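Structure file input30.cif (mmCIF, C-alpha atoms and all ligand atoms) is printed below.
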```cif
data_final
#
loop_
_atom_site.group_PDB
_atom_site.id
_atom_site.type_symbol
_atom_site.label_atom_id
_atom_site.label_comp_id
_atom_site.auth_asym_id
_atom_site.auth_seq_id
_atom_site.Cartn_x
_atom_site.Cartn_y
_atom_site.Cartn_z
ATOM 1 C CA MET Y 1312 -16.827 0.475 -0.575
ATOM 2 C CA ASP Y 1313 -16.912 -2.741 1.424
ATOM 3 C CA GLU Y 1314 -13.503 -3.037 3.113
ATOM 4 C CA GLU Y 1315 -13.107 -6.766 2.696
ATOM 5 C CA PHE Y 1316 -13.439 -6.487 -1.096
ATOM 6 C CA ARG Y 1317 -10.986 -3.643 -1.561
ATOM 7 C CA ALA Y 1318 -7.992 -5.749 -2.437
ATOM 8 C CA VAL Y 1319 -9.569 -8.375 -4.629
ATOM 9 C CA ILE Y 1320 -8.761 -8.635 -8.311
ATOM 10 C CA ASP Y 1321 -10.988 -10.619 -10.645
ATOM 11 C CA LEU Y 1322 -10.509 -11.164 -14.359
ATOM 12 C CA GLU Y 1323 -12.975 -13.269 -16.327
ATOM 13 C CA GLY Y 1324 -12.448 -14.107 -19.993
ATOM 14 C CA VAL Y 1325 -10.404 -10.972 -20.588
ATOM 15 C CA THR Y 1326 -9.123 -10.329 -24.100
ATOM 16 C CA LYS Y 1327 -7.079 -7.480 -25.482
ATOM 17 C CA HIS Y 1328 -6.509 -6.860 -29.176
ATOM 18 C CA TYR Y 1329 -4.439 -4.144 -30.768
ATOM 19 C CA GLU Y 1330 -4.944 -2.964 -34.320
ATOM 20 C CA VAL Y 1331 -1.598 -2.353 -35.933
ATOM 21 C CA GLY Y 1332 -2.427 -1.116 -39.429
ATOM 22 C CA PRO Y 1333 -4.308 -3.987 -41.081
ATOM 23 C CA VAL Y 1334 -3.066 -6.497 -38.532
ATOM 24 C CA LEU Y 1335 -4.969 -7.459 -35.395
ATOM 25 C CA VAL Y 1336 -2.542 -8.360 -32.604
ATOM 26 C CA THR Y 1337 -3.989 -10.489 -29.805
ATOM 27 C CA ALA Y 1338 -2.146 -9.516 -26.633
ATOM 28 C CA LEU Y 1339 -4.531 -11.443 -24.366
ATOM 29 C CA GLY Y 1340 -6.574 -14.339 -25.682
ATOM 30 C CA GLY Y 1341 -9.059 -14.706 -22.808
ATOM 31 C CA ILE Y 1342 -7.620 -14.937 -19.298
ATOM 32 C CA ASP Y 1343 -9.140 -15.683 -15.897
ATOM 33 C CA LEU Y 1344 -7.387 -14.561 -12.722
ATOM 34 C CA HIS Y 1345 -8.486 -14.131 -9.135
ATOM 35 C CA VAL Y 1346 -6.271 -12.549 -6.488
ATOM 36 C CA SER Y 1347 -7.386 -12.349 -2.867
ATOM 37 C CA ALA Y 1348 -6.382 -9.888 -0.184
ATOM 38 C CA GLY Y 1349 -2.964 -10.614 1.282
ATOM 39 C CA GLU Y 1350 -1.580 -12.461 -1.730
ATOM 40 C CA PHE Y 1351 1.867 -11.912 -3.232
ATOM 41 C CA VAL Y 1352 1.730 -13.108 -6.836
ATOM 42 C CA VAL Y 1353 4.444 -13.301 -9.467
ATOM 43 C CA ILE Y 1354 3.332 -13.122 -13.100
ATOM 44 C CA LEU Y 1355 5.955 -14.957 -15.152
ATOM 45 C CA GLY Y 1356 6.352 -15.111 -18.913
ATOM 46 C CA ALA Y 1357 8.623 -14.474 -21.872
ATOM 47 C CA SER Y 1358 8.747 -11.099 -23.549
ATOM 48 C CA GLY Y 1359 5.524 -10.476 -25.475
ATOM 49 C CA SER Y 1360 3.457 -12.999 -23.502
ATOM 50 C CA GLY Y 1361 1.017 -10.334 -22.251
ATOM 51 C CA LYS Y 1362 2.297 -9.533 -18.739
ATOM 52 C CA THR Y 1363 2.397 -5.753 -19.042
ATOM 53 C CA THR Y 1364 -0.955 -5.727 -20.825
ATOM 54 C CA THR Y 1365 -2.467 -7.665 -17.911
ATOM 55 C CA LEU Y 1366 -0.997 -5.288 -15.336
ATOM 56 C CA ASN Y 1367 -2.124 -2.212 -17.258
ATOM 57 C CA LEU Y 1368 -5.680 -3.529 -17.506
ATOM 58 C CA ILE Y 1369 -5.793 -4.250 -13.756
ATOM 59 C CA GLY Y 1370 -4.426 -0.755 -13.130
ATOM 60 C CA ALA Y 1371 -7.046 0.837 -15.413
ATOM 61 C CA LEU Y 1372 -4.323 2.298 -17.609
ATOM 62 C CA ASP Y 1373 -5.935 0.561 -20.563
ATOM 63 C CA THR Y 1374 -9.288 -1.068 -21.325
ATOM 64 C CA ALA Y 1375 -9.999 -4.678 -22.257
ATOM 65 C CA SER Y 1376 -11.452 -5.627 -25.645
ATOM 66 C CA SER Y 1377 -13.840 -8.055 -23.946
ATOM 67 C CA GLY Y 1378 -14.373 -9.863 -20.655
ATOM 68 C CA LYS Y 1379 -14.888 -8.625 -17.136
ATOM 69 C CA ILE Y 1380 -12.383 -7.008 -14.763
ATOM 70 C CA THR Y 1381 -13.184 -6.173 -11.146
ATOM 71 C CA VAL Y 1382 -10.619 -4.435 -8.946
ATOM 72 C CA GLY Y 1383 -11.323 -3.458 -5.369
ATOM 73 C CA GLY Y 1384 -15.041 -3.933 -5.885
ATOM 74 C CA ARG Y 1385 -15.147 -1.770 -9.021
ATOM 75 C CA ASP Y 1386 -16.275 -3.231 -12.330
ATOM 76 C CA LEU Y 1387 -13.849 -1.701 -14.816
ATOM 77 C CA SER Y 1388 -15.744 -2.838 -17.883
ATOM 78 C CA ASN Y 1389 -18.739 -0.708 -16.925
ATOM 79 C CA SER Y 1390 -16.837 2.247 -15.557
ATOM 80 C CA SER Y 1391 -16.822 5.768 -16.907
ATOM 81 C CA ARG Y 1392 -13.563 7.602 -17.445
ATOM 82 C CA SER Y 1393 -14.009 9.444 -14.156
ATOM 83 C CA GLU Y 1394 -14.597 6.168 -12.320
ATOM 84 C CA LEU Y 1395 -11.450 4.717 -13.890
ATOM 85 C CA PHE Y 1396 -9.588 7.831 -12.801
ATOM 86 C CA ALA Y 1397 -10.842 7.269 -9.253
ATOM 87 C CA LEU Y 1398 -9.700 3.660 -9.390
ATOM 88 C CA ARG Y 1399 -6.204 4.697 -10.413
ATOM 89 C CA ARG Y 1400 -6.122 7.253 -7.627
ATOM 90 C CA GLU Y 1401 -7.662 5.229 -4.815
ATOM 91 C CA THR Y 1402 -7.004 1.588 -5.530
ATOM 92 C CA VAL Y 1403 -3.787 0.902 -7.475
ATOM 93 C CA SER Y 1404 -0.204 2.061 -7.340
ATOM 94 C CA PHE Y 1405 2.520 1.223 -9.851
ATOM 95 C CA ILE Y 1406 6.210 0.443 -9.592
ATOM 96 C CA PHE Y 1407 8.232 0.403 -12.821
ATOM 97 C CA GLN Y 1408 11.485 -1.101 -14.035
ATOM 98 C CA SER Y 1409 13.041 2.352 -14.490
ATOM 99 C CA PHE Y 1410 11.793 3.755 -11.134
ATOM 100 C CA ASN Y 1411 10.098 6.830 -12.736
ATOM 101 C CA LEU Y 1412 10.912 9.191 -9.891
ATOM 102 C CA PHE Y 1413 10.638 12.950 -10.352
ATOM 103 C CA PRO Y 1414 14.282 13.972 -10.864
ATOM 104 C CA SER Y 1415 13.884 17.454 -9.365
ATOM 105 C CA LEU Y 1416 12.208 16.206 -6.176
ATOM 106 C CA THR Y 1417 13.981 14.752 -3.148
ATOM 107 C CA ALA Y 1418 13.143 11.290 -1.846
ATOM 108 C CA THR Y 1419 10.785 12.813 0.722
ATOM 109 C CA GLU Y 1420 9.116 15.025 -1.896
ATOM 110 C CA ASN Y 1421 8.651 12.079 -4.260
ATOM 111 C CA VAL Y 1422 6.845 10.242 -1.463
ATOM 112 C CA GLU Y 1423 4.784 13.324 -0.613
ATOM 113 C CA PHE Y 1424 3.681 13.363 -4.227
ATOM 114 C CA GLY Y 1425 2.233 9.875 -3.736
ATOM 115 C CA MET Y 1426 0.269 11.185 -0.776
ATOM 116 C CA ASP Y 1427 -1.001 14.193 -2.705
ATOM 117 C CA VAL Y 1428 -2.235 12.005 -5.540
ATOM 118 C CA SER Y 1429 -4.405 10.006 -3.184
ATOM 119 C CA GLY Y 1430 -5.321 12.887 -0.879
ATOM 120 C CA ARG Y 1431 -3.386 11.463 2.096
ATOM 121 C CA ARG Y 1432 -1.043 14.378 2.736
ATOM 122 C CA ASP Y 1433 -2.235 14.732 6.318
ATOM 123 C CA SER Y 1434 -2.647 11.091 7.244
ATOM 124 C CA ALA Y 1435 0.801 9.615 6.562
ATOM 125 C CA ASP Y 1436 4.368 10.563 7.368
ATOM 126 C CA PRO Y 1437 6.765 10.400 4.375
ATOM 127 C CA GLU Y 1438 9.847 10.091 6.558
ATOM 128 C CA GLU Y 1439 8.310 7.204 8.445
ATOM 129 C CA ILE Y 1440 7.515 5.393 5.196
ATOM 130 C CA LEU Y 1441 11.010 6.002 3.807
ATOM 131 C CA THR Y 1442 12.438 4.696 7.065
ATOM 132 C CA SER Y 1443 10.311 1.553 6.740
ATOM 133 C CA VAL Y 1444 11.948 0.822 3.368
ATOM 134 C CA GLY Y 1445 15.432 1.385 4.794
ATOM 135 C CA LEU Y 1446 16.054 4.957 3.593
ATOM 136 C CA SER Y 1447 16.089 7.030 6.775
ATOM 137 C CA HIS Y 1448 19.566 8.265 5.763
ATOM 138 C CA ARG Y 1449 18.506 9.402 2.271
ATOM 139 C CA LEU Y 1450 15.490 11.646 2.909
ATOM 140 C CA GLY Y 1451 16.860 14.801 1.303
ATOM 141 C CA HIS Y 1452 18.648 13.083 -1.575
ATOM 142 C CA PHE Y 1453 17.642 13.586 -5.203
ATOM 143 C CA PRO Y 1454 17.204 10.514 -7.451
ATOM 144 C CA HIS Y 1455 20.554 11.068 -9.218
ATOM 145 C CA GLU Y 1456 22.260 10.935 -5.833
ATOM 146 C CA LEU Y 1457 20.819 7.484 -5.122
ATOM 147 C CA SER Y 1458 21.784 3.990 -6.302
ATOM 148 C CA GLY Y 1459 19.336 2.013 -8.447
ATOM 149 C CA GLY Y 1460 18.216 -0.050 -5.481
ATOM 150 C CA GLU Y 1461 17.675 3.072 -3.396
ATOM 151 C CA GLN Y 1462 15.675 4.691 -6.198
ATOM 152 C CA GLN Y 1463 13.459 1.633 -6.383
ATOM 153 C CA ARG Y 1464 12.966 1.828 -2.616
ATOM 154 C CA VAL Y 1465 11.799 5.433 -3.006
ATOM 155 C CA ALA Y 1466 9.385 4.276 -5.717
ATOM 156 C CA ILE Y 1467 8.072 1.579 -3.369
ATOM 157 C CA ALA Y 1468 7.722 4.152 -0.579
ATOM 158 C CA ARG Y 1469 5.812 6.436 -2.956
ATOM 159 C CA ALA Y 1470 3.491 3.564 -3.869
ATOM 160 C CA LEU Y 1471 2.945 2.677 -0.195
ATOM 161 C CA ALA Y 1472 2.300 6.342 0.622
ATOM 162 C CA THR Y 1473 -0.871 6.257 -1.450
ATOM 163 C CA GLY Y 1474 -2.319 3.725 0.991
ATOM 164 C CA ASN Y 1475 -3.806 1.951 -2.024
ATOM 165 C CA PRO Y 1476 -4.615 -1.757 -1.639
ATOM 166 C CA VAL Y 1477 -3.282 -3.012 -5.000
ATOM 167 C CA LEU Y 1478 0.432 -2.684 -5.685
ATOM 168 C CA LEU Y 1479 1.516 -3.489 -9.246
ATOM 169 C CA ALA Y 1480 5.209 -3.839 -10.139
ATOM 170 C CA ASP Y 1481 6.328 -4.348 -13.757
ATOM 171 C CA GLU Y 1482 9.830 -5.905 -13.925
ATOM 172 C CA PRO Y 1483 10.916 -4.003 -10.777
ATOM 173 C CA THR Y 1484 14.296 -5.763 -10.664
ATOM 174 C CA GLY Y 1485 15.049 -5.410 -14.387
ATOM 175 C CA GLU Y 1486 17.746 -2.783 -13.903
ATOM 176 C CA LEU Y 1487 19.191 -4.120 -10.652
ATOM 177 C CA ASP Y 1488 21.967 -6.581 -9.889
ATOM 178 C CA PHE Y 1489 21.151 -9.893 -8.232
ATOM 179 C CA LYS Y 1490 21.690 -8.905 -4.630
ATOM 180 C CA THR Y 1491 19.905 -5.556 -4.898
ATOM 181 C CA GLY Y 1492 17.096 -7.118 -6.901
ATOM 182 C CA SER Y 1493 16.508 -9.820 -4.317
ATOM 183 C CA GLN Y 1494 16.369 -7.236 -1.538
ATOM 184 C CA ILE Y 1495 13.771 -5.291 -3.536
ATOM 185 C CA LEU Y 1496 11.717 -8.448 -4.104
ATOM 186 C CA GLU Y 1497 11.848 -9.269 -0.422
ATOM 187 C CA LEU Y 1498 10.647 -5.762 0.384
ATOM 188 C CA LEU Y 1499 7.784 -6.085 -2.107
ATOM 189 C CA ALA Y 1500 6.777 -9.508 -0.773
ATOM 190 C CA GLU Y 1501 6.638 -8.054 2.755
ATOM 191 C CA GLN Y 1502 4.078 -5.476 1.624
ATOM 192 C CA ALA Y 1503 1.388 -8.081 0.951
ATOM 193 C CA ASP Y 1504 -0.904 -8.166 3.967
ATOM 194 C CA SER Y 1505 -4.577 -8.299 4.781
ATOM 195 C CA ASP Y 1506 -4.996 -4.802 3.350
ATOM 196 C CA ARG Y 1507 -2.835 -5.123 0.278
ATOM 197 C CA VAL Y 1508 -2.120 -7.434 -2.650
ATOM 198 C CA VAL Y 1509 1.175 -7.259 -4.515
ATOM 199 C CA LEU Y 1510 1.582 -8.378 -8.149
ATOM 200 C CA VAL Y 1511 5.096 -8.550 -9.559
ATOM 201 C CA VAL Y 1512 5.743 -9.135 -13.254
ATOM 202 C CA THR Y 1513 8.987 -10.771 -14.354
ATOM 203 C CA HIS Y 1514 10.424 -12.731 -17.282
ATOM 204 C CA ASN Y 1515 12.926 -14.354 -14.908
ATOM 205 C CA ARG Y 1516 11.855 -17.863 -13.889
ATOM 206 C CA GLU Y 1517 14.430 -18.040 -11.123
ATOM 207 C CA ILE Y 1518 12.928 -14.956 -9.464
ATOM 208 C CA SER Y 1519 9.472 -16.509 -9.582
ATOM 209 C CA ARG Y 1520 10.605 -19.387 -7.373
ATOM 210 C CA MET Y 1521 10.562 -17.119 -4.299
ATOM 211 C CA ALA Y 1522 6.786 -16.601 -4.525
ATOM 212 C CA ASP Y 1523 3.960 -18.657 -3.022
ATOM 213 C CA ARG Y 1524 2.015 -18.290 -6.224
ATOM 214 C CA VAL Y 1525 3.212 -18.027 -9.807
ATOM 215 C CA VAL Y 1526 0.899 -17.192 -12.693
ATOM 216 C CA GLU Y 1527 2.673 -18.206 -15.886
ATOM 217 C CA MET Y 1528 1.738 -16.595 -19.186
ATOM 218 C CA SER Y 1529 2.507 -17.613 -22.751
ATOM 219 C CA SER Y 1530 1.173 -16.067 -25.963
ATOM 220 C CA GLY Y 1531 -1.568 -14.125 -24.214
ATOM 221 C CA GLN Y 1532 -2.803 -17.058 -22.125
ATOM 222 C CA ILE Y 1533 -2.350 -18.146 -18.526
ATOM 223 C CA VAL Y 1534 -0.749 -21.571 -18.842
ATOM 224 C CA SER Y 1535 -0.324 -22.366 -15.148
ATOM 225 C CA ASP Y 1536 -1.275 -20.867 -11.798
ATOM 226 C CA GLY Y 1537 -0.056 -22.164 -8.448
ATOM 227 C CA PRO Y 1538 3.021 -22.696 -6.295
ATOM 228 C CA PRO Y 1539 6.322 -22.833 -8.205
ATOM 229 C CA PRO Y 1540 7.556 -26.345 -9.078
ATOM 230 C CA GLY Y 1541 9.447 -27.631 -6.049
ATOM 231 C CA GLY Y 1542 7.679 -25.139 -3.812
ATOM 232 C CA LYS Y 1543 8.635 -21.721 -2.567
ATOM 233 C CA THR Y 1544 12.397 -21.226 -2.357
ATOM 234 C CA PRO Y 1545 14.154 -18.754 -0.051
ATOM 235 C CA LEU Y 1546 15.718 -15.877 -1.956
ATOM 236 C CA SER Y 1547 19.111 -16.754 -0.528
ATOM 237 C CA GLU Y 1548 19.037 -20.041 -2.436
ATOM 238 C CA LEU Y 1549 18.198 -18.564 -5.844
ATOM 239 C CA ARG Y 1550 20.666 -18.140 -8.691
ATOM 240 C CA TRP Y 1551 19.553 -15.532 -11.251
HETATM 241 N N1 LIG Y 1601 0.213 -0.708 -27.971
HETATM 242 C C1 LIG Y 1601 0.383 -1.862 -28.608
HETATM 243 N N2 LIG Y 1601 0.118 -1.960 -29.936
HETATM 244 C C2 LIG Y 1601 0.280 -3.127 -30.576
HETATM 245 N N3 LIG Y 1601 0.677 -4.276 -30.010
HETATM 246 C C3 LIG Y 1601 0.957 -4.240 -28.709
HETATM 247 C C4 LIG Y 1601 0.828 -3.043 -27.933
HETATM 248 N N4 LIG Y 1601 1.169 -3.328 -26.654
HETATM 249 C C5 LIG Y 1601 1.517 -4.624 -26.637
HETATM 250 N N5 LIG Y 1601 1.384 -5.178 -27.866
HETATM 251 C C6 LIG Y 1601 1.634 -6.586 -28.203
HETATM 252 O O1 LIG Y 1601 0.915 -7.405 -27.310
HETATM 253 C C7 LIG Y 1601 1.698 -8.525 -26.923
HETATM 254 C C8 LIG Y 1601 1.870 -8.553 -25.405
HETATM 255 O O2 LIG Y 1601 2.648 -7.433 -25.009
HETATM 256 P P1 LIG Y 1601 3.056 -7.155 -23.501
HETATM 257 O O3 LIG Y 1601 1.859 -7.235 -22.657
HETATM 258 O O4 LIG Y 1601 3.804 -5.866 -23.482
HETATM 259 O O5 LIG Y 1601 4.008 -8.377 -23.183
HETATM 260 P P2 LIG Y 1601 5.084 -8.577 -22.011
HETATM 261 O O6 LIG Y 1601 4.911 -7.502 -21.004
HETATM 262 O O7 LIG Y 1601 4.819 -9.940 -21.483
HETATM 263 O O8 LIG Y 1601 6.432 -8.499 -22.673
HETATM 264 C C9 LIG Y 1601 3.000 -8.430 -27.707
HETATM 265 O O9 LIG Y 1601 2.874 -9.201 -28.862
HETATM 266 C C10 LIG Y 1601 3.091 -6.962 -28.026
HETATM 267 O O10 LIG Y 1601 3.832 -6.763 -29.205
HETATM 268 MG MG MG Y 1602 6.275 -6.078 -20.297
#
```

structure tokens encoding of this file:
Amino acid sequence: MDEEFRAVIDLEGVTKHYEVGPVLVTALGGIDLHVSAGEFVVILGASGSGKTTTLNLIGALDTASSGKITVGGRDLSNSSRSELFALRRETVSFIFQSFNLFPSLTATENVEFGMDVSGRRDSADPEEILTSVGLSHRLGHFPHELSGGEQQRVAIARALATGNPVLLADEPTGELDFKTGSQILELLAEQADSDRVVLVVTHNREISRMADRVVEMSSGQIVSDGPPPGGKTPLSELRW
């Protein structure tokens, strides 16, 4: 795969419909989105606006009803199941609201799992990655021995350990208090570089003000895309 295209996300006219009994629910009514390498993007919208659906389509966890999706140079609409599996393994990594760590594995083992998934066991050091997210003193701890913020840091470390160029976070601060949540957002924003894009979903408009770019969704449509009104605001000045 051509390196310079690895981190690019492209959605063109993407729709997603769900059949719920006799009712057809339109989760996405035709969206266009382009994300370039190095970008940190916040996807903002009320509950039910289509944020999670968008993230799951980009992450190849679900398939679009129509339209074209390209992630890291792969055309998802024309991909076989095994190609989609490869995309999930080699291109995207997810961070969830509820951390989703393996409860019986230590912090280090959870991160090693991320390496195993992407076949990087020998090329990255879990302790180094955990240290980079501020957890050098928690390596042998199990999830239940960690605070929410620390658990989310382990989840971020696990995502980074894959070495994958697209990092997708769905409401990553949803279960955290203001201070912890802002530290997690700062950590996520720092991960966007020339080799990696970071997409963070939130329903919290105040949070979105700390991003360079905010994609706002409403009723399955993108209603605006650009810098937040008033420009990017330092996290320290936000009030959640
Ligand atoms: N599996 C599903 N079956 C039926 N409807 C769904 C399903 N997933 C999502 N929806 C609907 O699609 C819309 C968008 O959902 P979602 O992407 O989860 O929104 P958000 O993450 O912004 O809260 C909502 O109306 C939701 O009820
Ligand atoms: Mg959601």

query = Between CA of Ile1467 in chain Y and atom C3 of ligand LIG 1601 (chain Y), what is the spacing in Å?
reply =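 Answer for the atom C3 of ligand LIG 1601 (chain Y) to CA of Ile1467 in chain Y separation: 27.0 Å.
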
request  = Let me have all residues with an atom within 6 Å of ligand LIG 1601 (chain Y), counting all atoms listed in the file, laid out as a ChimeraX atom specification.
outcome  = /Y:1329,1331,1336,1338,1356-1364

List, as a compact mmCIF listing (two decimals) with C-alpha atoms, in the frame of the given file, every residue that the PyMOL selection byres (((chain Y and resi 1405) around 9) and not hetatm) selects in the file provided.
```
# COMPACT_ATOMS: atom_id res chain seq x y z
CA GLY Y 1370 -4.43 -0.76 -13.13
CA VAL Y 1403 -3.79 0.90 -7.48
CA SER Y 1404 -0.20 2.06 -7.34
CA ILE Y 1406 6.21 0.44 -9.59
CA PHE Y 1407 8.23 0.40 -12.82
CA ALA Y 1466 9.38 4.28 -5.72
CA ILE Y 1467 8.07 1.58 -3.37
CA ALA Y 1470 3.49 3.56 -3.87
CA VAL Y 1477 -3.28 -3.01 -5.00
CA LEU Y 1478 0.43 -2.68 -5.68
CA LEU Y 1479 1.52 -3.49 -9.25
CA ALA Y 1480 5.21 -3.84 -10.14
CA ASP Y 1481 6.33 -4.35 -13.76
```

key: Selection dump of the PyMOL selection byres (((chain Y and resi 1375) around 8) and not hetatm), as a list in words   = Val1325, Thr1326, Lys1327, Leu1368, Asp1373, Thr1374, Ser1376, Ser1377, Gly1378 and Ser1388 of chain Y

inquiry  = List the spatial neighbours of Asn1421 in chain Y as JSON, numbers by chain - criterion: any atom at most 12 Å away, only C-alpha atoms, same-chain residues fewer than 3 positions off excluded.
reply    = {"Y": [1410, 1411, 1412, 1413, 1414, 1415, 1416, 1417, 1418, 1424, 1425, 1426, 1427, 1428, 1437, 1438, 1440, 1441, 1450, 1451, 1452, 1453, 1454, 1462, 1463, 1464, 1465, 1466, 1467, 1468, 1469, 1470, 1471, 1472, 1473]}

Residues just named, written with C-alpha atoms as a short mmCIF file (atom, residue, chain, number, x, y, z; two decimals), keeping the file's coordinate frame:
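Saved file out21.cif follows:
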```cif
data_model
loop_
_atom_site.label_atom_id
_atom_site.label_comp_id
_atom_site.auth_asym_id
_atom_site.auth_seq_id
_atom_site.Cartn_x
_atom_site.Cartn_y
_atom_site.Cartn_z
CA PHE Y 1410 11.79 3.76 -11.13
CA ASN Y 1411 10.10 6.83 -12.74
CA LEU Y 1412 10.91 9.19 -9.89
CA PHE Y 1413 10.64 12.95 -10.35
CA PRO Y 1414 14.28 13.97 -10.86
CA SER Y 1415 13.88 17.45 -9.36
CA LEU Y 1416 12.21 16.21 -6.18
CA THR Y 1417 13.98 14.75 -3.15
CA ALA Y 1418 13.14 11.29 -1.85
CA PHE Y 1424 3.68 13.36 -4.23
CA GLY Y 1425 2.23 9.88 -3.74
CA MET Y 1426 0.27 11.18 -0.78
CA ASP Y 1427 -1.00 14.19 -2.70
CA VAL Y 1428 -2.24 12.00 -5.54
CA PRO Y 1437 6.76 10.40 4.38
CA GLU Y 1438 9.85 10.09 6.56
CA ILE Y 1440 7.52 5.39 5.20
CA LEU Y 1441 11.01 6.00 3.81
CA LEU Y 1450 15.49 11.65 2.91
CA GLY Y 1451 16.86 14.80 1.30
CA HIS Y 1452 18.65 13.08 -1.58
CA PHE Y 1453 17.64 13.59 -5.20
CA PRO Y 1454 17.20 10.51 -7.45
CA GLN Y 1462 15.68 4.69 -6.20
CA GLN Y 1463 13.46 1.63 -6.38
CA ARG Y 1464 12.97 1.83 -2.62
CA VAL Y 1465 11.80 5.43 -3.01
CA ALA Y 1466 9.38 4.28 -5.72
CA ILE Y 1467 8.07 1.58 -3.37
CA ALA Y 1468 7.72 4.15 -0.58
CA ARG Y 1469 5.81 6.44 -2.96
CA ALA Y 1470 3.49 3.56 -3.87
CA LEU Y 1471 2.94 2.68 -0.20
CA ALA Y 1472 2.30 6.34 0.62
CA THR Y 1473 -0.87 6.26 -1.45
#
```

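Here the question is which of Y:Leu1546, Y:Ala1348, Y:Ile1354, Y:Leu1335 gets nearest to ligand MG 1602 (chain Y) using only C-alpha atoms and all ligand atoms, and that residue is Y:Ile1354.
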
So for range 1452-1459 of chain Y, what box centre and size do we get, axis-aligned, 6 Å extra on each of the six sides, every listed atom, Å to one decimal, as JSON?
```
{"center_x": 19.7, "center_y": 7.8, "center_z": -5.4, "size_x": 17.1, "size_y": 23.6, "size_z": 19.6}
```

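You will find CA of Thr1513 in chain Y at 28.9 Å from CA of Ser1390 in chain Y.
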
How would range 1375-1391 of chain Y look with N, CA and C atoms restored, written as a PDB file, in the frame of the given file?
```
ATOM      1  N   ALA Y1375      -9.955  -3.366 -21.606  1.00  0.00           N
ATOM      2  CA  ALA Y1375      -9.999  -4.678 -22.257  1.00  0.00           C
ATOM      3  C   ALA Y1375     -10.859  -4.609 -23.518  1.00  0.00           C
ATOM      4  N   SER Y1376     -10.600  -5.531 -24.454  1.00  0.00           N
ATOM      5  CA  SER Y1376     -11.452  -5.627 -25.645  1.00  0.00           C
ATOM      6  C   SER Y1376     -12.748  -6.353 -25.300  1.00  0.00           C
ATOM      7  N   SER Y1377     -12.632  -7.368 -24.426  1.00  0.00           N
ATOM      8  CA  SER Y1377     -13.840  -8.055 -23.946  1.00  0.00           C
ATOM      9  C   SER Y1377     -13.528  -8.737 -22.623  1.00  0.00           C
ATOM     10  N   GLY Y1378     -14.561  -9.217 -21.947  1.00  0.00           N
ATOM     11  CA  GLY Y1378     -14.373  -9.863 -20.655  1.00  0.00           C
ATOM     12  C   GLY Y1378     -14.674  -8.899 -19.526  1.00  0.00           C
ATOM     13  N   LYS Y1379     -14.521  -9.412 -18.308  1.00  0.00           N
ATOM     14  CA  LYS Y1379     -14.888  -8.625 -17.136  1.00  0.00           C
ATOM     15  C   LYS Y1379     -13.701  -8.481 -16.182  1.00  0.00           C
ATOM     16  N   ILE Y1380     -13.467  -7.265 -15.723  1.00  0.00           N
ATOM     17  CA  ILE Y1380     -12.383  -7.008 -14.763  1.00  0.00           C
ATOM     18  C   ILE Y1380     -12.967  -6.270 -13.566  1.00  0.00           C
ATOM     19  N   THR Y1381     -12.767  -6.836 -12.378  1.00  0.00           N
ATOM     20  CA  THR Y1381     -13.184  -6.173 -11.146  1.00  0.00           C
ATOM     21  C   THR Y1381     -11.960  -5.965 -10.270  1.00  0.00           C
ATOM     22  N   VAL Y1382     -11.754  -4.754  -9.818  1.00  0.00           N
ATOM     23  CA  VAL Y1382     -10.619  -4.435  -8.946  1.00  0.00           C
ATOM     24  C   VAL Y1382     -11.146  -3.638  -7.756  1.00  0.00           C
ATOM     25  N   GLY Y1383     -10.887  -4.152  -6.575  1.00  0.00           N
ATOM     26  CA  GLY Y1383     -11.323  -3.458  -5.369  1.00  0.00           C
ATOM     27  C   GLY Y1383     -12.813  -3.170  -5.362  1.00  0.00           C
ATOM     28  N   GLY Y1384     -13.591  -4.105  -5.893  1.00  0.00           N
ATOM     29  CA  GLY Y1384     -15.041  -3.933  -5.885  1.00  0.00           C
ATOM     30  C   GLY Y1384     -15.576  -3.099  -7.047  1.00  0.00           C
ATOM     31  N   ARG Y1385     -14.677  -2.555  -7.873  1.00  0.00           N
ATOM     32  CA  ARG Y1385     -15.147  -1.770  -9.021  1.00  0.00           C
ATOM     33  C   ARG Y1385     -15.121  -2.614 -10.290  1.00  0.00           C
ATOM     34  N   ASP Y1386     -16.195  -2.538 -11.048  1.00  0.00           N
ATOM     35  CA  ASP Y1386     -16.275  -3.231 -12.330  1.00  0.00           C
ATOM     36  C   ASP Y1386     -15.721  -2.301 -13.413  1.00  0.00           C
ATOM     37  N   LEU Y1387     -14.509  -2.611 -13.874  1.00  0.00           N
ATOM     38  CA  LEU Y1387     -13.849  -1.701 -14.816  1.00  0.00           C
ATOM     39  C   LEU Y1387     -14.535  -1.665 -16.167  1.00  0.00           C
ATOM     40  N   SER Y1388     -15.144  -2.801 -16.545  1.00  0.00           N
ATOM     41  CA  SER Y1388     -15.744  -2.838 -17.883  1.00  0.00           C
ATOM     42  C   SER Y1388     -16.927  -1.880 -17.996  1.00  0.00           C
ATOM     43  N   ASN Y1389     -17.583  -1.601 -16.879  1.00  0.00           N
ATOM     44  CA  ASN Y1389     -18.739  -0.708 -16.925  1.00  0.00           C
ATOM     45  C   ASN Y1389     -18.454   0.630 -16.262  1.00  0.00           C
ATOM     46  N   SER Y1390     -17.188   1.010 -16.240  1.00  0.00           N
ATOM     47  CA  SER Y1390     -16.837   2.247 -15.557  1.00  0.00           C
ATOM     48  C   SER Y1390     -16.660   3.395 -16.546  1.00  0.00           C
ATOM     49  N   SER Y1391     -17.058   4.566 -16.111  1.00  0.00           N
ATOM     50  CA  SER Y1391     -16.822   5.768 -16.907  1.00  0.00           C
ATOM     51  C   SER Y1391     -15.357   6.175 -16.752  1.00  0.00           C
TER      52      SER Y1391
END
```
